[in-house]
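Asks: Quick one, upload-v7.cif (mmCIF, C-alpha atoms):
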data_start
loop_
_atom_site.group_PDB
_atom_site.id
_atom_site.type_symbol
_atom_site.label_atom_id
_atom_site.label_comp_id
_atom_site.auth_asym_id
_atom_site.auth_seq_id
_atom_site.Cartn_x
_atom_site.Cartn_y
_atom_site.Cartn_z
ATOM 1 C CA MET A 1 -175.513 134.361 53.683
ATOM 2 C CA THR A 2 -171.752 134.410 53.121
ATOM 3 C CA THR A 3 -170.481 131.536 51.009
ATOM 4 C CA ARG A 4 -166.958 130.291 50.673
ATOM 5 C CA PHE A 5 -166.446 132.282 47.473
ATOM 6 C CA THR A 6 -167.963 135.529 48.786
ATOM 7 C CA SER A 7 -166.157 135.578 52.126
ATOM 8 C CA PRO A 8 -164.122 138.755 52.788
ATOM 9 C CA ARG A 9 -160.792 136.905 52.599
ATOM 10 C CA ILE A 10 -161.558 135.347 49.197
ATOM 11 C CA LEU A 11 -162.861 138.646 47.869
ATOM 12 C CA ALA A 12 -159.719 140.381 49.146
ATOM 13 C CA LEU A 13 -157.529 137.830 47.379
ATOM 14 C CA ALA A 14 -159.501 138.160 44.149
ATOM 15 C CA GLY A 15 -159.365 141.934 44.399
ATOM 16 C CA THR A 16 -155.607 141.833 44.831
ATOM 17 C CA VAL A 17 -155.162 139.731 41.695
ATOM 18 C CA VAL A 18 -157.340 142.091 39.635
ATOM 19 C CA LEU A 19 -155.589 145.203 40.978
ATOM 20 C CA TRP A 20 -152.099 143.875 40.312
ATOM 21 C CA ALA A 21 -153.134 142.616 36.871
ATOM 22 C CA SER A 22 -154.643 145.997 35.977
ATOM 23 C CA ALA A 23 -151.370 147.737 36.823
ATOM 24 C CA PHE A 24 -149.718 146.575 33.591
ATOM 25 C CA PRO A 25 -152.223 148.153 31.155
ATOM 26 C CA ALA A 26 -152.490 151.241 33.382
ATOM 27 C CA ILE A 27 -148.734 151.711 32.989
ATOM 28 C CA ARG A 28 -149.140 151.706 29.215
ATOM 29 C CA VAL A 29 -151.696 154.515 29.472
ATOM 30 C CA GLY A 30 -149.676 156.507 31.991
ATOM 31 C CA VAL A 31 -146.301 156.248 30.306
ATOM 32 C CA ASP A 32 -147.742 157.406 26.972
ATOM 33 C CA GLY A 33 -149.037 160.652 28.500
ATOM 34 C CA LEU A 34 -146.550 161.337 31.292
ATOM 35 C CA GLY A 35 -143.332 159.742 30.215
ATOM 36 C CA LEU A 36 -141.015 157.431 32.111
ATOM 37 C CA ALA A 37 -139.806 159.733 34.906
ATOM 38 C CA ALA A 38 -143.106 161.368 35.825
ATOM 39 C CA LEU A 39 -145.119 158.148 35.932
ATOM 40 C CA SER A 40 -142.482 156.452 38.091
ATOM 41 C CA PHE A 41 -142.314 159.295 40.622
ATOM 42 C CA LEU A 42 -146.048 159.979 40.768
ATOM 43 C CA ARG A 43 -146.946 156.333 41.366
ATOM 44 C CA LEU A 44 -144.394 155.987 44.156
ATOM 45 C CA SER A 45 -145.291 159.264 45.828
ATOM 46 C CA VAL A 46 -149.061 158.676 45.699
ATOM 47 C CA ALA A 47 -148.611 155.169 47.135
ATOM 48 C CA SER A 48 -146.290 156.458 49.874
ATOM 49 C CA ILE A 49 -148.741 159.159 50.934
ATOM 50 C CA ALA A 50 -151.589 156.655 51.059
ATOM 51 C CA LEU A 51 -149.617 154.051 53.037
ATOM 52 C CA VAL A 52 -148.271 156.612 55.501
ATOM 53 C CA ALA A 53 -151.805 157.966 55.985
ATOM 54 C CA VAL A 54 -153.181 154.545 56.981
ATOM 55 C CA ALA A 55 -150.068 153.519 58.946
ATOM 56 C CA PRO A 56 -151.274 154.777 62.375
ATOM 57 C CA PHE A 57 -154.598 152.956 61.971
ATOM 58 C CA ALA A 58 -152.949 149.732 60.740
ATOM 59 C CA GLY A 59 -150.470 149.508 63.631
ATOM 60 C CA VAL A 60 -147.419 150.206 61.456
ATOM 61 C CA ARG A 61 -144.404 150.854 63.699
ATOM 62 C CA LEU A 62 -141.393 153.022 63.018
ATOM 63 C CA PRO A 63 -138.498 150.976 61.604
ATOM 64 C CA HIS A 64 -135.516 150.012 63.755
ATOM 65 C CA ARG A 65 -132.230 151.708 62.953
ATOM 66 C CA ARG A 66 -130.582 148.344 62.341
ATOM 67 C CA ASP A 67 -133.073 147.678 59.523
ATOM 68 C CA LEU A 68 -132.415 150.913 57.624
ATOM 69 C CA PRO A 69 -129.742 149.484 55.260
ATOM 70 C CA LEU A 70 -132.047 146.628 54.205
ATOM 71 C CA ILE A 71 -134.987 149.025 53.873
ATOM 72 C CA ALA A 72 -132.851 151.236 51.642
ATOM 73 C CA LEU A 73 -131.958 148.225 49.481
ATOM 74 C CA CYS A 74 -135.639 147.239 49.239
ATOM 75 C CA GLY A 75 -136.677 150.755 48.283
ATOM 76 C CA LEU A 76 -133.938 151.165 45.701
ATOM 77 C CA THR A 77 -134.501 147.801 44.008
ATOM 78 C CA GLY A 78 -138.147 146.803 44.453
ATOM 79 C CA MET A 79 -139.597 150.280 44.187
ATOM 80 C CA THR A 80 -137.462 152.889 42.396
ATOM 81 C CA THR A 81 -135.460 150.723 39.990
ATOM 82 C CA TYR A 82 -138.334 148.323 39.378
ATOM 83 C CA GLN A 83 -140.752 151.125 38.505
ATOM 84 C CA VAL A 84 -138.294 152.844 36.168
ATOM 85 C CA LEU A 85 -137.333 149.636 34.352
ATOM 86 C CA LEU A 86 -140.889 148.311 34.019
ATOM 87 C CA ASN A 87 -142.239 151.663 32.827
ATOM 88 C CA TRP A 88 -139.343 151.973 30.394
ATOM 89 C CA GLY A 89 -139.941 148.472 29.054
ATOM 90 C CA GLU A 90 -143.677 149.020 28.612
ATOM 91 C CA ILE A 91 -143.024 151.916 26.254
ATOM 92 C CA HIS A 92 -142.305 149.224 23.651
ATOM 93 C CA VAL A 93 -143.558 145.945 25.218
ATOM 94 C CA GLU A 94 -147.282 145.200 25.464
ATOM 95 C CA ALA A 95 -148.816 145.054 28.936
ATOM 96 C CA GLY A 96 -149.669 141.351 28.713
ATOM 97 C CA THR A 97 -146.171 140.490 27.530
ATOM 98 C CA ALA A 98 -144.653 142.466 30.401
ATOM 99 C CA SER A 99 -146.735 140.573 32.971
ATOM 100 C CA LEU A 100 -145.571 137.244 31.536
ATOM 101 C CA LEU A 101 -141.926 138.334 31.757
ATOM 102 C CA ILE A 102 -142.279 139.696 35.301
ATOM 103 C CA ALA A 103 -143.711 136.318 36.372
ATOM 104 C CA VAL A 104 -140.142 134.962 36.394
ATOM 105 C CA ALA A 105 -139.139 137.245 39.319
ATOM 106 C CA PRO A 106 -139.539 134.529 42.020
ATOM 107 C CA VAL A 107 -136.828 132.522 40.267
ATOM 108 C CA PHE A 108 -134.239 135.167 41.051
ATOM 109 C CA SER A 109 -135.461 135.570 44.636
ATOM 110 C CA VAL A 110 -135.144 131.872 45.489
ATOM 111 C CA LEU A 111 -131.744 131.605 43.785
ATOM 112 C CA LEU A 112 -130.463 134.589 45.792
ATOM 113 C CA ALA A 113 -131.921 133.120 48.979
ATOM 114 C CA GLY A 114 -130.227 129.820 48.249
ATOM 115 C CA THR A 115 -126.907 131.556 47.692
ATOM 116 C CA PHE A 116 -126.888 134.082 50.537
ATOM 117 C CA LEU A 117 -129.481 132.910 53.088
ATOM 118 C CA ASP A 118 -128.676 129.189 53.108
ATOM 119 C CA GLU A 119 -132.147 128.268 51.887
ATOM 120 C CA PRO A 120 -132.019 124.859 50.202
ATOM 121 C CA LEU A 121 -131.762 124.773 46.414
ATOM 122 C CA THR A 122 -133.807 121.621 45.979
ATOM 123 C CA HIS A 123 -134.278 119.552 42.868
ATOM 124 C CA ASN A 124 -137.627 121.292 42.276
ATOM 125 C CA VAL A 125 -136.061 124.738 42.608
ATOM 126 C CA VAL A 126 -133.320 124.019 40.072
ATOM 127 C CA ILE A 127 -135.613 122.393 37.498
ATOM 128 C CA GLY A 128 -138.359 124.956 38.062
ATOM 129 C CA SER A 129 -135.896 127.795 37.538
ATOM 130 C CA VAL A 130 -134.722 126.326 34.242
ATOM 131 C CA VAL A 131 -138.311 125.802 33.084
ATOM 132 C CA ALA A 132 -139.362 129.356 34.062
ATOM 133 C CA VAL A 133 -136.391 130.949 32.308
ATOM 134 C CA ALA A 134 -137.133 128.848 29.212
ATOM 135 C CA GLY A 135 -140.699 130.164 29.303
ATOM 136 C CA THR A 136 -139.534 133.773 29.336
ATOM 137 C CA ALA A 137 -137.282 133.016 26.363
ATOM 138 C CA VAL A 138 -140.302 131.749 24.438
ATOM 139 C CA VAL A 139 -142.267 134.904 25.322
ATOM 140 C CA THR A 140 -139.505 137.202 24.075
ATOM 141 C CA LEU A 141 -139.200 135.252 20.826
ATOM 142 C CA THR A 142 -142.876 135.567 19.896
ATOM 143 C CA ASP A 143 -141.982 137.437 16.702
ATOM 144 C CA GLY A 144 -138.942 135.288 15.942
ATOM 145 C CA LEU A 145 -135.339 136.147 16.676
ATOM 146 C CA SER A 146 -136.060 139.791 15.885
ATOM 147 C CA GLY A 147 -138.569 139.808 18.732
ATOM 148 C CA PHE A 148 -135.821 139.559 21.359
ATOM 149 C CA THR A 149 -135.678 143.326 21.772
ATOM 150 C CA ALA A 150 -133.880 145.620 24.178
ATOM 151 C CA ALA A 151 -137.275 146.479 25.696
ATOM 152 C CA ALA A 152 -137.879 142.816 26.586
ATOM 153 C CA LEU A 153 -134.459 142.710 28.254
ATOM 154 C CA VAL A 154 -135.374 145.835 30.245
ATOM 155 C CA VAL A 155 -138.547 144.144 31.517
ATOM 156 C CA LEU A 156 -136.506 141.064 32.431
ATOM 157 C CA ALA A 157 -134.119 143.369 34.307
ATOM 158 C CA ALA A 158 -137.174 144.651 36.200
ATOM 159 C CA ALA A 159 -137.951 141.044 37.129
ATOM 160 C CA VAL A 160 -134.375 140.635 38.415
ATOM 161 C CA VAL A 161 -134.568 143.685 40.692
ATOM 162 C CA GLN A 162 -137.993 142.612 41.937
ATOM 163 C CA GLY A 163 -136.492 139.231 42.752
ATOM 164 C CA THR A 164 -133.734 141.062 44.645
ATOM 165 C CA TYR A 165 -136.424 142.890 46.618
ATOM 166 C CA HIS A 166 -138.063 139.579 47.513
ATOM 167 C CA PHE A 167 -134.730 138.300 48.770
ATOM 168 C CA ALA A 168 -133.909 141.464 50.730
ATOM 169 C CA THR A 169 -137.258 141.499 52.531
ATOM 170 C CA LYS A 170 -136.799 138.006 53.985
ATOM 171 C CA PRO A 171 -134.816 139.150 57.082
ATOM 172 C CA LEU A 172 -137.178 142.117 57.557
ATOM 173 C CA LEU A 173 -140.258 139.885 57.538
ATOM 174 C CA LEU A 174 -138.886 138.015 60.536
ATOM 175 C CA ARG A 175 -139.293 141.204 62.596
ATOM 176 C CA CYS A 176 -141.915 143.256 60.736
ATOM 177 C CA THR A 177 -145.305 142.705 59.167
ATOM 178 C CA GLY A 178 -145.760 142.598 55.416
ATOM 179 C CA LEU A 179 -147.568 145.968 55.483
ATOM 180 C CA GLU A 180 -144.743 147.528 57.475
ATOM 181 C CA VAL A 181 -142.114 146.302 55.028
ATOM 182 C CA ALA A 182 -144.173 147.554 52.088
ATOM 183 C CA THR A 183 -144.598 150.977 53.722
ATOM 184 C CA TYR A 184 -140.912 151.306 54.616
ATOM 185 C CA ALA A 185 -139.822 150.274 51.124
ATOM 186 C CA MET A 186 -142.324 152.523 49.356
ATOM 187 C CA VAL A 187 -141.226 155.586 51.308
ATOM 188 C CA ALA A 188 -137.555 154.744 50.728
ATOM 189 C CA GLY A 189 -138.252 154.206 47.035
ATOM 190 C CA THR A 190 -139.917 157.612 46.787
ATOM 191 C CA PHE A 191 -136.861 159.193 48.414
ATOM 192 C CA PHE A 192 -134.520 157.558 45.889
ATOM 193 C CA ALA A 193 -136.817 158.738 43.088
ATOM 194 C CA LEU A 194 -136.512 162.422 44.070
ATOM 195 C CA PRO A 195 -134.088 163.142 41.144
ATOM 196 C CA LEU A 196 -137.116 162.485 38.901
ATOM 197 C CA LEU A 197 -139.086 165.353 40.500
ATOM 198 C CA PRO A 198 -138.035 168.145 38.066
ATOM 199 C CA ALA A 199 -139.026 166.027 35.061
ATOM 200 C CA THR A 200 -142.278 165.134 36.822
ATOM 201 C CA ILE A 201 -143.192 168.794 37.327
ATOM 202 C CA ARG A 202 -142.553 169.563 33.655
ATOM 203 C CA ALA A 203 -144.498 166.523 32.426
ATOM 204 C CA THR A 204 -147.572 167.001 34.632
ATOM 205 C CA ALA A 205 -148.040 170.582 33.458
ATOM 206 C CA HIS A 206 -149.179 169.381 30.033
ATOM 207 C CA ALA A 207 -150.153 165.743 30.701
ATOM 208 C CA PRO A 208 -153.558 164.492 29.496
ATOM 209 C CA ALA A 209 -156.164 163.701 32.119
ATOM 210 C CA ASP A 210 -156.192 159.955 31.423
ATOM 211 C CA ALA A 211 -152.444 159.713 32.099
ATOM 212 C CA LEU A 212 -152.741 161.616 35.398
ATOM 213 C CA LEU A 213 -155.675 159.447 36.446
ATOM 214 C CA SER A 214 -153.642 156.372 35.538
ATOM 215 C CA ALA A 215 -150.773 157.485 37.812
ATOM 216 C CA VAL A 216 -153.157 158.140 40.707
ATOM 217 C CA PHE A 217 -154.877 154.812 40.072
ATOM 218 C CA LEU A 218 -151.537 152.970 40.109
ATOM 219 C CA GLY A 219 -150.464 154.608 43.345
ATOM 220 C CA LEU A 220 -153.729 154.284 45.256
ATOM 221 C CA LEU A 221 -155.019 150.918 44.066
ATOM 222 C CA PRO A 222 -152.408 148.372 42.836
ATOM 223 C CA SER A 223 -149.618 149.796 45.033
ATOM 224 C CA ALA A 224 -151.348 150.976 48.240
ATOM 225 C CA LEU A 225 -154.722 149.215 48.496
ATOM 226 C CA GLY A 226 -153.258 146.095 46.914
ATOM 227 C CA PHE A 227 -150.810 145.702 49.782
ATOM 228 C CA VAL A 228 -153.492 146.247 52.426
ATOM 229 C CA ILE A 229 -155.985 143.682 51.128
ATOM 230 C CA TRP A 230 -153.166 141.267 50.219
ATOM 231 C CA GLY A 231 -151.988 141.312 53.830
ATOM 232 C CA TYR A 232 -155.549 140.753 55.026
ATOM 233 C CA ALA A 233 -156.032 137.758 52.721
ATOM 234 C CA VAL A 234 -152.653 136.123 53.374
ATOM 235 C CA ALA A 235 -153.152 136.307 57.133
ATOM 236 C CA ARG A 236 -156.438 134.393 56.858
ATOM 237 C CA LEU A 237 -155.893 131.885 54.050
ATOM 238 C CA PRO A 238 -153.724 128.782 53.637
ATOM 239 C CA LEU A 239 -150.358 129.366 52.012
ATOM 240 C CA ALA A 240 -151.206 127.177 49.027
ATOM 241 C CA ALA A 241 -154.348 129.187 48.212
ATOM 242 C CA SER A 242 -152.517 132.503 48.331
ATOM 243 C CA THR A 243 -149.654 131.201 46.207
ATOM 244 C CA ALA A 244 -152.062 129.834 43.619
ATOM 245 C CA ALA A 245 -153.711 133.238 43.354
ATOM 246 C CA LEU A 246 -150.424 134.836 42.319
ATOM 247 C CA TYR A 247 -150.271 132.521 39.315
ATOM 248 C CA LEU A 248 -153.518 134.112 38.102
ATOM 249 C CA VAL A 249 -151.991 137.587 37.698
ATOM 250 C CA PRO A 250 -150.506 137.054 34.181
ATOM 251 C CA PRO A 251 -153.656 135.490 32.645
ATOM 252 C CA VAL A 252 -155.885 138.129 34.259
ATOM 253 C CA THR A 253 -153.525 140.801 32.907
ATOM 254 C CA LEU A 254 -154.029 139.411 29.405
ATOM 255 C CA VAL A 255 -157.821 139.677 29.819
ATOM 256 C CA VAL A 256 -157.671 143.205 31.267
ATOM 257 C CA SER A 257 -155.223 144.318 28.566
ATOM 258 C CA PHE A 258 -157.523 142.988 25.858
ATOM 259 C CA ALA A 259 -160.558 144.762 27.351
ATOM 260 C CA TRP A 260 -158.742 148.020 28.127
ATOM 261 C CA LEU A 261 -156.161 148.356 25.347
ATOM 262 C CA GLY A 262 -157.338 145.872 22.721
ATOM 263 C CA GLU A 263 -154.104 143.863 22.996
ATOM 264 C CA VAL A 264 -154.380 140.369 21.530
ATOM 265 C CA PRO A 265 -151.668 137.955 22.743
ATOM 266 C CA HIS A 266 -149.932 135.567 20.345
ATOM 267 C CA VAL A 267 -150.377 131.837 20.801
ATOM 268 C CA ILE A 268 -146.605 131.368 21.254
ATOM 269 C CA GLU A 269 -146.634 134.127 23.864
ATOM 270 C CA LEU A 270 -149.386 132.350 25.792
ATOM 271 C CA ALA A 271 -147.434 129.087 25.616
ATOM 272 C CA GLY A 272 -144.315 130.789 26.942
ATOM 273 C CA GLY A 273 -146.286 132.346 29.773
ATOM 274 C CA ALA A 274 -147.745 128.974 30.694
ATOM 275 C CA ILE A 275 -144.251 127.456 30.755
ATOM 276 C CA THR A 276 -142.997 130.277 33.011
ATOM 277 C CA VAL A 277 -145.883 129.875 35.456
ATOM 278 C CA ALA A 278 -145.355 126.094 35.475
ATOM 279 C CA GLY A 279 -141.725 126.654 36.432
ATOM 280 C CA VAL A 280 -142.678 128.997 39.276
ATOM 281 C CA VAL A 281 -145.291 126.488 40.490
ATOM 282 C CA LEU A 282 -142.602 123.799 40.559
ATOM 283 C CA ILE A 283 -140.280 126.067 42.547
ATOM 284 C CA ASN A 284 -142.993 126.592 45.157
ATOM 285 C CA ARG A 285 -143.727 122.892 45.612
ATOM 286 C CA ARG A 286 -142.689 121.474 48.955
ATOM 287 C CA ARG A 287 -141.633 117.966 49.693
ATOM 288 C CA SER A 288 -144.204 115.991 51.665
ATOM 289 C CA GLY A 289 -143.758 116.335 55.393
ATOM 290 C CA VAL A 290 -141.920 119.653 55.170
ATOM 291 C CA PRO A 291 -143.898 122.388 56.929
ATOM 292 C CA GLN A 292 -144.690 125.584 55.051
ATOM 293 C CA ASP A 293 -143.585 128.746 56.795
ATOM 294 C CA GLY A 294 -146.197 131.500 56.825
ATOM 295 C CA ARG A 295 -143.456 133.990 55.988
ATOM 296 C CA ASP A 296 -142.450 132.127 52.825
ATOM 297 C CA LEU A 297 -140.148 134.286 50.690
ATOM 298 C CA THR A 298 -141.890 133.953 47.354
ATOM 299 C CA LEU A 299 -145.429 134.258 48.678
ATOM 300 C CA ARG A 300 -145.126 137.024 51.238
ATOM 301 C CA THR A 301 -143.252 139.384 48.943
ATOM 302 C CA ALA A 302 -144.157 138.259 45.438
ATOM 303 C CA ALA A 303 -146.215 141.306 44.646
ATOM 304 C CA ALA A 304 -144.041 143.951 46.125
ATOM 305 C CA GLY A 305 -143.315 146.126 43.086
ATOM 306 C CA ARG A 306 -146.525 145.727 41.141
#
Let's see the structure in the file written out as structure tokens.
Replies:
Amino acid sequence: MTTRFTSPRILALAGTVVLWASAFPAIRVGVDGLGLAALSFLRLSVASIALVAVAPFAGVRLPHRRDLPLIALCGLTGMTTYQVLLNWGEIHVEAGTASLLIAVAPVFSVLLAGTFLDEPLTHNVVIGSVVAVAGTAVVTLTDGLSGFTAAALVVLAAAVVQGTYHFATKPLLLRCTGLEVATYAMVAGTFFALPLLPATIRATAHAPADALLSAVFLGLLPSALGFVIWGYAVARLPLAASTAALYLVPPVTLVVSFAWLGEVPHVIELAGGAITVAGVVLINRRRSGVPQDGRDLTLRTAAAGR
């Protein structure tokens, strides 16, 4: 008998959260053995191959020529630049800390949408943005003023480019499915990452097995499978349930990072993460009586670069 909590859509949503949360510690393992360039290129290329392979069976259409500039922007920001910056940051920033900093990405997406797409910057959006940014400041200052490192700024820059990706996908999602946009962007991101290929070849020749497995894991599971089961869940669940699940990614990352890497988060870090998530929750609140669009910017694209 299938219960509410064991239904395929709930299991798909739970699986997505675990996969995206596990990406952060997997990056730590991969970047240690492969280096920045190789891990970035391998993850993108493996994910692209997997998504292109399932595209004919998932009804993914070829993109329209008019959409190519936006697809290029999505690939460059949400895939190539995001991967490089996040991997670079995680050389020095713990996986759990990185997930807490990346949680602020929706702030940048809604602010860009309010500026360029005429989406309303409501009272909740403004206050929620301030609260979320304050939370990230607390996270970066876990070790005092000396804790505000260049690596933390790099991870925050990754959150900015992911927010740009969220914003850039909004027009595409009016004409394409979420899986199509993810596939287009992943392939474009792999193309822009081609300058990393020579370094990738050199690094893989002597890389340890656990780092190579980590790169394959990141490409096949969080990046490729994560998009597929996310699309399945979002299409069958209420918007509020799917949005709430995204808020679970940072805390689940902390648990996975502790089990996998032995990382123990600081109390101040946890408080900052909670403040950030509270700000994002406030941004996503809707006034009573205002319908929620199934193609909501933050929800439909929030996981794009994980």
Asks: Which residue gives the smallest distance to Ile27 of chain A among A:Trp88, A:Phe191, A:Phe258, A:Phe167, with only C-alpha atoms counted?
Replies: A:Trp88
Asks: Have a look at atom CA of Leu76 of chain A and atom CA of Ala245 of chain A and let me know their distance in Å, one decimal.
Replies: 26.8 Å
Asks: Pick out the closest residue to Thr77 of chain A from this set: A:Gly163, A:Pro265, A:Pro195, A:Pro208. Count all atoms listed in the file.
Replies: A:Gly163
Asks: May I have the centre and edge lengths, in Å to one decimal, of an axis-aligned box around the listed atoms of segment 222-232 of chain A with 4 Å added to every side, as AutoDock Vina command-line options?
Replies:
--center_x -152.8 --center_y 145.9 --center_z 48.9 --size_x 14.4 --size_y 18.2 --size_z 20.2
Asks: List, as a list in words, every residue that the PyMOL selection byres ((chain A and resi 182-189) around 6) selects in the file provided.
Replies: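 Applying the PyMOL selection byres ((chain A and resi 182-189) around 6) to the structure shown produces Ser48, Leu51, Ile71, Ala72, Cys74, Gly75, Leu76, Met79, Thr80, Leu179, Glu180, Val181, Thr190, Phe191 and Phe192 of chain A.
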Asks: Using atom CA of Val84 of chain A and atom CA of Thr164 of chain A as the two end points, give the distance in Å to one decimal.
Replies: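 Separating atom CA of Val84 of chain A from atom CA of Thr164 of chain A is a distance of 15.2 Å.
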Asks: Closest to Ala215 of chain A among A:Pro251, A:Thr200, A:Arg61, A:Ile275, using all atoms listed in the file?
Replies: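 Closest residue, counting all atoms listed in the file: A:Thr200.
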Asks: What does the distance from atom CA of Gln83 of chain A to atom CA of Leu194 of chain A come to in Å, to one decimal?
Replies: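 Spanning atom CA of Gln83 of chain A to atom CA of Leu194 of chain A is a straight-line distance of 13.3 Å.
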Asks: Decode the PyMOL selection byres ((chain A and resi 217) around 10) for the given file into explicit residues and return them as a count of residues only.
Replies: 22
Asks: Once the PyMOL selection byres ((chain A and resi 231-234) around 6) has been evaluated on this model, what residues remain selected, and can you format them as an MDAnalysis selection string?
Replies: chainID A and resid 9 12:13 228:230 235:237
Asks: Rank A:Gly15, A:Gly89, A:Gly78, A:Pro63 by their smallest atom-to-atom distance to Val155 of chain A, using all atoms listed in the file, and report the top residue only.
Replies: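 Residue with the minimum atom-to-atom distance to Val155 of chain A: A:Gly89.
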Asks: Identify, on the basis of all atoms listed in the file, every residue whose closest approach to Gly135 of chain A does not exceed 7 Å; exclude the query and any residue fewer than 5 positions from it along the same chain; express the result as a compact mmCIF listing (two decimals) with C-alpha atoms, in the frame of the given file.
Replies:
# COMPACT_ATOMS: atom_id res chain seq x y z
CA GLY A 272 -144.32 130.79 26.94
CA GLY A 273 -146.29 132.35 29.77
CA ILE A 275 -144.25 127.46 30.76
CA THR A 276 -143.00 130.28 33.01
Asks: Which residue out of A:Ala205, A:Ser99, A:Thr149, A:Val110 has the minimum interatomic distance to Ala274 of chain A when only C-alpha atoms are used?
Replies: A:Ser99
Asks: Considering all atoms listed in the file, can you say which of A:Val255, A:Ala105, A:Val138, A:Val126 comes closest to Ala158 of chain A?
Replies: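 Looking only at the distances to Ala158 of chain A, the closest residue turns out to be A:Ala105.
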Asks: Could you extract segment 183-188 of chain A of the given structure into a file holding all heavy atoms, as an mmCIF file, in the first residue's frame?
Replies:
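Written output follows (out36.cif):
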data_model
loop_
_atom_site.group_PDB
_atom_site.id
_atom_site.type_symbol
_atom_site.label_atom_id
_atom_site.label_comp_id
_atom_site.auth_asym_id
_atom_site.auth_seq_id
_atom_site.Cartn_x
_atom_site.Cartn_y
_atom_site.Cartn_z
ATOM 1 N N THR A 183 18.789 20.956 -19.875
ATOM 2 C CA THR A 183 19.600 20.281 -20.888
ATOM 3 C C THR A 183 20.316 21.289 -21.768
ATOM 4 O O THR A 183 21.525 21.167 -22.024
ATOM 5 C CB THR A 183 18.725 19.361 -21.750
ATOM 6 O OG1 THR A 183 18.063 18.407 -20.908
ATOM 7 C CG2 THR A 183 19.564 18.615 -22.775
ATOM 8 N N TYR A 184 19.572 22.295 -22.257
ATOM 9 C CA TYR A 184 20.192 23.324 -23.098
ATOM 10 C C TYR A 184 21.345 24.009 -22.357
ATOM 11 O O TYR A 184 22.444 24.190 -22.906
ATOM 12 C CB TYR A 184 19.174 24.401 -23.495
ATOM 13 C CG TYR A 184 17.944 23.920 -24.202
ATOM 14 C CD1 TYR A 184 16.746 24.668 -24.141
ATOM 15 C CD2 TYR A 184 17.922 22.745 -24.930
ATOM 16 C CE1 TYR A 184 15.601 24.253 -24.794
ATOM 17 C CE2 TYR A 184 16.763 22.318 -25.574
ATOM 18 C CZ TYR A 184 15.602 23.081 -25.502
ATOM 19 O OH TYR A 184 14.462 22.678 -26.132
ATOM 20 N N ALA A 185 21.083 24.391 -21.110
ATOM 21 C CA ALA A 185 22.086 25.137 -20.346
ATOM 22 C C ALA A 185 23.301 24.271 -20.031
ATOM 23 O O ALA A 185 24.445 24.752 -20.073
ATOM 24 C CB ALA A 185 21.471 25.665 -19.051
ATOM 25 N N MET A 186 23.073 22.996 -19.720
ATOM 26 C CA MET A 186 24.185 22.115 -19.392
ATOM 27 C C MET A 186 25.096 21.915 -20.592
ATOM 28 O O MET A 186 26.329 21.945 -20.469
ATOM 29 C CB MET A 186 23.661 20.764 -18.891
ATOM 30 C CG MET A 186 24.709 19.921 -18.195
ATOM 31 S SD MET A 186 25.176 20.579 -16.576
ATOM 32 C CE MET A 186 23.696 20.209 -15.625
ATOM 33 N N VAL A 187 24.500 21.711 -21.761
ATOM 34 C CA VAL A 187 25.305 21.535 -22.972
ATOM 35 C C VAL A 187 26.062 22.822 -23.292
ATOM 36 O O VAL A 187 27.253 22.792 -23.634
ATOM 37 C CB VAL A 187 24.414 21.118 -24.156
ATOM 38 C CG1 VAL A 187 25.206 21.124 -25.466
ATOM 39 C CG2 VAL A 187 23.807 19.734 -23.908
ATOM 40 N N ALA A 188 25.386 23.966 -23.184
ATOM 41 C CA ALA A 188 26.059 25.242 -23.427
ATOM 42 C C ALA A 188 27.184 25.459 -22.426
ATOM 43 O O ALA A 188 28.276 25.934 -22.784
ATOM 44 C CB ALA A 188 25.050 26.389 -23.340
#
